[in-house]
Amino acid sequence: MTRFIVILSIVYIALAIYGFQAFKTLFKTPWVHLVYVLAFVSAWGYMIFKLVTYEPGSAMRGGIAIAGGIFFSFFLLALFLGFFLLLEDVVRLSVYGFNKISGVSDESATFFPSRRKFVSAIGLGLAALPFGALLYGMYRGKYNYQVLTYELEFEDLPEAFDGYRITQISDVHSGSFDNAKKVAYGVDLVNRQQSDVILFTGDLVNDRATEMEPWADTFAKLEAKDGVFSVLGNHDYGDYTQWPSAEAKARNLEDLKQLQKEMGFDLLLDEHRYLERNGQRIALIGVENWGRGRFKKAGDLQKAKQGVRKGDFKILMSHDPSHWEDEVIHDDYHFHLTLSGHTHGMQFGVEIPGVVKWSPVKWRYKYWAGVYKELDQFINVNRGFGFIGYPGRFGIWPEISVITLKKKGLT
């Protein structure tokens with residue numbers, strides 16, 4: 001940890017000092033220089049303090065998350081400034097070297113060219129965009145709940161379920177919450193959709209079941225005519241923190257399962273339920289977490305679908321969308337609709353409906369936000385209700401998905 005702190009500090013301070021050259025070029029007033037220095041030093045000092053006082057198991061929430069978010073914002077500011085200054089210095093050095101080599105007799109050519117204000121202004125302006133976005137995301141964006149509605153048509157949907165409404169939420173990450181009023185508003189917004197069923201697709205906590213205890217009464221208020229169903233996500237297993245023993249870790253998972261039961265969630269662990277309406281039914285299937293690469297592969301799709309007929313209309317709840325890509329859409333059963341989360345849309349990006357949808361997470365996941373269709377099967381990747389790591393959201397806002405099922409050709 002000490003070596004990491006030292007390296008991080010050296011890089012940060014070097015970037016801050018280099019970026020300071022742009023401020024000196026644009027602003028000659030000493031107090032502006034002082035504000036720059038104090039801001040960067042304060043962000044660095046707060047982060048170092050939180051790292052030094054870090055306790056295993058407390059990462060990704062609380063003060064250290066806020067300190068990390070502020071520090072990273074300033075780090076990006078200095079990085080962007082440094083990039084533009086570096087480009088300018090390459091040009092300045094090239095001009096100076098060319099004049100020296102070519103023997104230009106002009107006296108001004110014997111001096112290293114001074115910095116140009118417009119380059120520093122451009123660099124500062126562009127650097128301010130991600131800097132401001134990250135800070136705004138921490139201040140307002142993380143509770144900026146959005147209701148996104150979708151209407152999906154299926155030829156073999158039972159007629160009784162034409163117009164059936166599903167509300168999906170995912171990735172609550174209750175250990176990161178810091179505003180009870182805002183969270184209560186989000187839960188109430190879910191209920192106001194008045195859907196037939198509410199489906200939660202995993203990651204109730206960051207690491208420990210105790211994180212959910214202060215919020216259990218709030219989420220217990222979720223209600224729908226056909227109930228509230230849930231599955232586990234990768235964070236729910238407690239794999240990202242330290243435990244005194246394997247027994248303690250196993251007990252934590254059982255506590256989380258019990259807590260969901262007490263909240264009124266019907267937790268599906270590689271099993272299924274049938275939703276019925278007017279003598280017709282659809283299968284709701286839930287698997288434990290299955291993720292590509294290093295992520296836990298606890299889910300067993302074959303076990304979960306036992307007792308479900310091939311001809312049934314099927315909705316699958318699976319936390320990680322890579323499961324859909326790697327196993328679900330190629331299964332001999334036809335899973336009409338899969339509901340996932342996990343990616344959070346990286347909590348940062350740009351979305352203008354019908355124009356652009358971009359986030360760095362697209363380089364990691366092919367299916368990362370919204371509805372996709374492959375082999376006549378749909379998946380909705382929910383952007384997440386909560387947040388983790390970076391304590392905010394910008395551009396990729398917290399999402400409540402409302403999906404209406406429609407039978408194709410039925411008027």
# chains A, B, ... in the order shown; residues from 1 in each chain; ligands from 1
call {"tool": "residues_around", "arguments": {"residues": "Phe72 (chain A)", "least_positions_apart": "6", "cutoff": "9 Å", "atoms": "only C-alpha atoms", "output": "VMD selection string"}}
result
chain A and resid 43 131 134 390
call {"tool": "residues_around", "arguments": {"residues": "Glu155 (chain A)", "least_positions_apart": "6", "cutoff": "10 Å", "atoms": "only C-alpha atoms", "output": "PyMOL selection string"}}
result
chain A and resi 406-410
call {"tool": "atom_distance", "arguments": {"atom1": "CA of Leu87 (chain A)", "atom2": "CA of Pro130 (chain A)"}}
result
19.5 Å
call {"tool": "select_by_dssp", "arguments": {"residues": "region 2-175 of chain A", "states": "helix (DSSP H, G or I)", "output": "MDAnalysis selection string"}}
result
chainID A and resid 2:26 30:52 63:102 107:110 117:139 141:143 159:161 174:175
call {"tool": "closest_residue", "arguments": {"among": "A:Phe83, A:Val381, A:Gln194, A:Ile396", "to": "Leu126 (chain A)", "atoms": "only C-alpha atoms"}}
result
A:Phe83
call {"tool": "closest_atom_pairs", "arguments": {"of": "region 133-180 of chain A", "to": "region 307-330 of chain A", "cutoff": "8 Å", "atoms": "only C-alpha atoms", "output": "Markdown table"}}
result
| residue | atom | partner | partner_atom | distance |
| --- | --- | --- | --- | --- |
| A:Asp156 | CA | A:Phe313 | CA | 7.1 |
| A:Leu157 | CA | A:Phe313 | CA | 6.3 |
| A:Pro158 | CA | A:Phe313 | CA | 7.5 |
call {"tool": "write_last_selection", "arguments": {"atoms": "N, CA and C atoms", "output": "mmCIF file, in the first residue's frame"}}
result
data_model
loop_
_atom_site.group_PDB
_atom_site.id
_atom_site.type_symbol
_atom_site.label_atom_id
_atom_site.label_comp_id
_atom_site.auth_asym_id
_atom_site.auth_seq_id
_atom_site.Cartn_x
_atom_site.Cartn_y
_atom_site.Cartn_z
ATOM 1 N N ASP A 156 -45.429 -15.328 -29.845
ATOM 2 C CA ASP A 156 -45.984 -16.424 -29.045
ATOM 3 C C ASP A 156 -46.271 -16.031 -27.599
ATOM 4 N N LEU A 157 -46.402 -14.736 -27.326
ATOM 5 C CA LEU A 157 -46.805 -14.308 -25.990
ATOM 6 C C LEU A 157 -48.255 -14.721 -25.747
ATOM 7 N N PRO A 158 -48.546 -15.385 -24.620
ATOM 8 C CA PRO A 158 -49.943 -15.724 -24.319
ATOM 9 C C PRO A 158 -50.808 -14.456 -24.317
#
call {"tool": "closest_residue", "arguments": {"among": "A:Met346, A:Pro353, A:Asp300, A:Asp226", "to": "Tyr365 (chain A)", "atoms": "only C-alpha atoms"}}
result
A:Met346
call {"tool": "atom_distance", "arguments": {"atom1": "CA of Val402 (chain A)", "atom2": "CA of Asp236 (chain A)"}}
result
24.1 Å
call {"tool": "decode", "arguments": {"residues": "region 197-212 of chain A", "atoms": "all heavy atoms", "output": "short mmCIF file (atom, residue, chain, number, x, y, z; two decimals), in the first residue's frame"}}
result
data_model
loop_
_atom_site.label_atom_id
_atom_site.label_comp_id
_atom_site.auth_asym_id
_atom_site.auth_seq_id
_atom_site.Cartn_x
_atom_site.Cartn_y
_atom_site.Cartn_z
N VAL A 197 -45.39 -6.72 -12.09
CA VAL A 197 -44.37 -7.44 -11.35
C VAL A 197 -43.11 -6.57 -11.28
O VAL A 197 -42.86 -5.76 -12.19
CB VAL A 197 -44.05 -8.81 -12.01
CG1 VAL A 197 -43.37 -8.62 -13.36
CG2 VAL A 197 -43.22 -9.71 -11.09
N ILE A 198 -42.35 -6.71 -10.22
CA ILE A 198 -41.07 -6.01 -10.05
C ILE A 198 -39.97 -7.05 -10.01
O ILE A 198 -40.05 -8.02 -9.23
CB ILE A 198 -41.05 -5.15 -8.78
CG1 ILE A 198 -42.09 -4.02 -8.88
CG2 ILE A 198 -39.65 -4.56 -8.55
CD1 ILE A 198 -42.24 -3.21 -7.61
N LEU A 199 -38.95 -6.88 -10.83
CA LEU A 199 -37.85 -7.83 -10.92
C LEU A 199 -36.54 -7.11 -10.61
O LEU A 199 -36.20 -6.12 -11.25
CB LEU A 199 -37.80 -8.46 -12.31
CG LEU A 199 -39.10 -9.14 -12.78
CD1 LEU A 199 -38.92 -9.72 -14.18
CD2 LEU A 199 -39.54 -10.23 -11.80
N PHE A 200 -35.80 -7.65 -9.64
CA PHE A 200 -34.51 -7.08 -9.25
C PHE A 200 -33.41 -8.04 -9.67
O PHE A 200 -33.40 -9.21 -9.29
CB PHE A 200 -34.45 -6.86 -7.74
CG PHE A 200 -33.08 -6.49 -7.26
CD1 PHE A 200 -32.49 -5.30 -7.64
CD2 PHE A 200 -32.37 -7.35 -6.44
CE1 PHE A 200 -31.21 -4.97 -7.22
CE2 PHE A 200 -31.10 -7.03 -6.00
CZ PHE A 200 -30.51 -5.84 -6.40
N THR A 201 -32.45 -7.53 -10.47
CA THR A 201 -31.47 -8.42 -11.09
C THR A 201 -30.07 -8.35 -10.47
O THR A 201 -29.08 -8.41 -11.16
CB THR A 201 -31.40 -8.17 -12.60
OG1 THR A 201 -31.33 -6.77 -12.87
CG2 THR A 201 -32.63 -8.74 -13.29
N GLY A 202 -29.99 -8.27 -9.16
CA GLY A 202 -28.74 -8.54 -8.47
C GLY A 202 -27.89 -7.35 -8.04
O GLY A 202 -28.04 -6.24 -8.52
N ASP A 203 -26.96 -7.66 -7.12
CA ASP A 203 -26.08 -6.69 -6.45
C ASP A 203 -26.87 -5.78 -5.53
O ASP A 203 -26.97 -4.57 -5.73
CB ASP A 203 -25.26 -5.87 -7.45
CG ASP A 203 -24.01 -6.60 -7.93
OD1 ASP A 203 -23.81 -7.76 -7.51
OD2 ASP A 203 -23.25 -6.03 -8.73
N LEU A 204 -27.41 -6.38 -4.49
CA LEU A 204 -28.13 -5.63 -3.46
C LEU A 204 -27.15 -4.86 -2.58
O LEU A 204 -27.46 -3.79 -2.07
CB LEU A 204 -28.98 -6.58 -2.62
CG LEU A 204 -30.04 -5.97 -1.71
CD1 LEU A 204 -31.07 -5.21 -2.53
CD2 LEU A 204 -30.71 -7.03 -0.87
N VAL A 205 -25.95 -5.43 -2.39
CA VAL A 205 -24.93 -4.82 -1.53
C VAL A 205 -23.61 -4.73 -2.28
O VAL A 205 -23.46 -5.27 -3.38
CB VAL A 205 -24.75 -5.65 -0.23
CG1 VAL A 205 -26.03 -5.66 0.58
CG2 VAL A 205 -24.29 -7.07 -0.54
N ASN A 206 -22.65 -4.05 -1.65
CA ASN A 206 -21.28 -4.03 -2.19
C ASN A 206 -20.52 -5.28 -1.76
O ASN A 206 -19.84 -5.91 -2.57
CB ASN A 206 -20.53 -2.80 -1.70
CG ASN A 206 -21.10 -1.51 -2.24
OD1 ASN A 206 -21.87 -1.52 -3.19
ND2 ASN A 206 -20.74 -0.40 -1.62
N ASP A 207 -20.65 -5.62 -0.47
CA ASP A 207 -19.91 -6.75 0.07
C ASP A 207 -20.68 -7.52 1.14
O ASP A 207 -20.70 -8.74 1.15
CB ASP A 207 -18.59 -6.28 0.71
CG ASP A 207 -17.67 -5.59 -0.27
OD1 ASP A 207 -17.28 -6.22 -1.26
OD2 ASP A 207 -17.36 -4.40 -0.05
N ARG A 208 -21.31 -6.78 2.07
CA ARG A 208 -21.83 -7.40 3.29
C ARG A 208 -23.33 -7.18 3.44
O ARG A 208 -23.86 -6.12 3.10
CB ARG A 208 -21.11 -6.82 4.52
CG ARG A 208 -19.60 -7.07 4.48
CD ARG A 208 -18.87 -6.30 5.56
NE ARG A 208 -17.43 -6.48 5.46
CZ ARG A 208 -16.76 -7.41 6.11
NH1 ARG A 208 -17.39 -8.25 6.91
NH2 ARG A 208 -15.45 -7.53 5.96
N ALA A 209 -23.99 -8.18 3.99
CA ALA A 209 -25.43 -8.10 4.18
C ALA A 209 -25.81 -6.95 5.10
O ALA A 209 -26.88 -6.35 4.95
CB ALA A 209 -25.94 -9.42 4.76
N THR A 210 -24.94 -6.61 6.05
CA THR A 210 -25.24 -5.52 7.00
C THR A 210 -25.42 -4.18 6.30
O THR A 210 -26.06 -3.28 6.85
CB THR A 210 -24.13 -5.41 8.05
OG1 THR A 210 -22.85 -5.29 7.38
CG2 THR A 210 -24.11 -6.63 8.95
N GLU A 211 -24.87 -4.04 5.10
CA GLU A 211 -25.02 -2.77 4.37
C GLU A 211 -26.48 -2.50 4.04
O GLU A 211 -26.90 -1.34 3.92
CB GLU A 211 -24.21 -2.81 3.07
CG GLU A 211 -22.73 -2.96 3.25
CD GLU A 211 -22.02 -3.29 1.93
OE1 GLU A 211 -22.69 -3.22 0.87
OE2 GLU A 211 -20.83 -3.62 1.96
N MET A 212 -27.25 -3.55 3.88
CA MET A 212 -28.65 -3.40 3.48
C MET A 212 -29.57 -3.14 4.66
O MET A 212 -30.70 -2.66 4.47
CB MET A 212 -29.10 -4.65 2.71
CG MET A 212 -30.46 -4.52 2.03
SD MET A 212 -30.48 -3.20 0.81
CE MET A 212 -32.24 -2.96 0.57
#
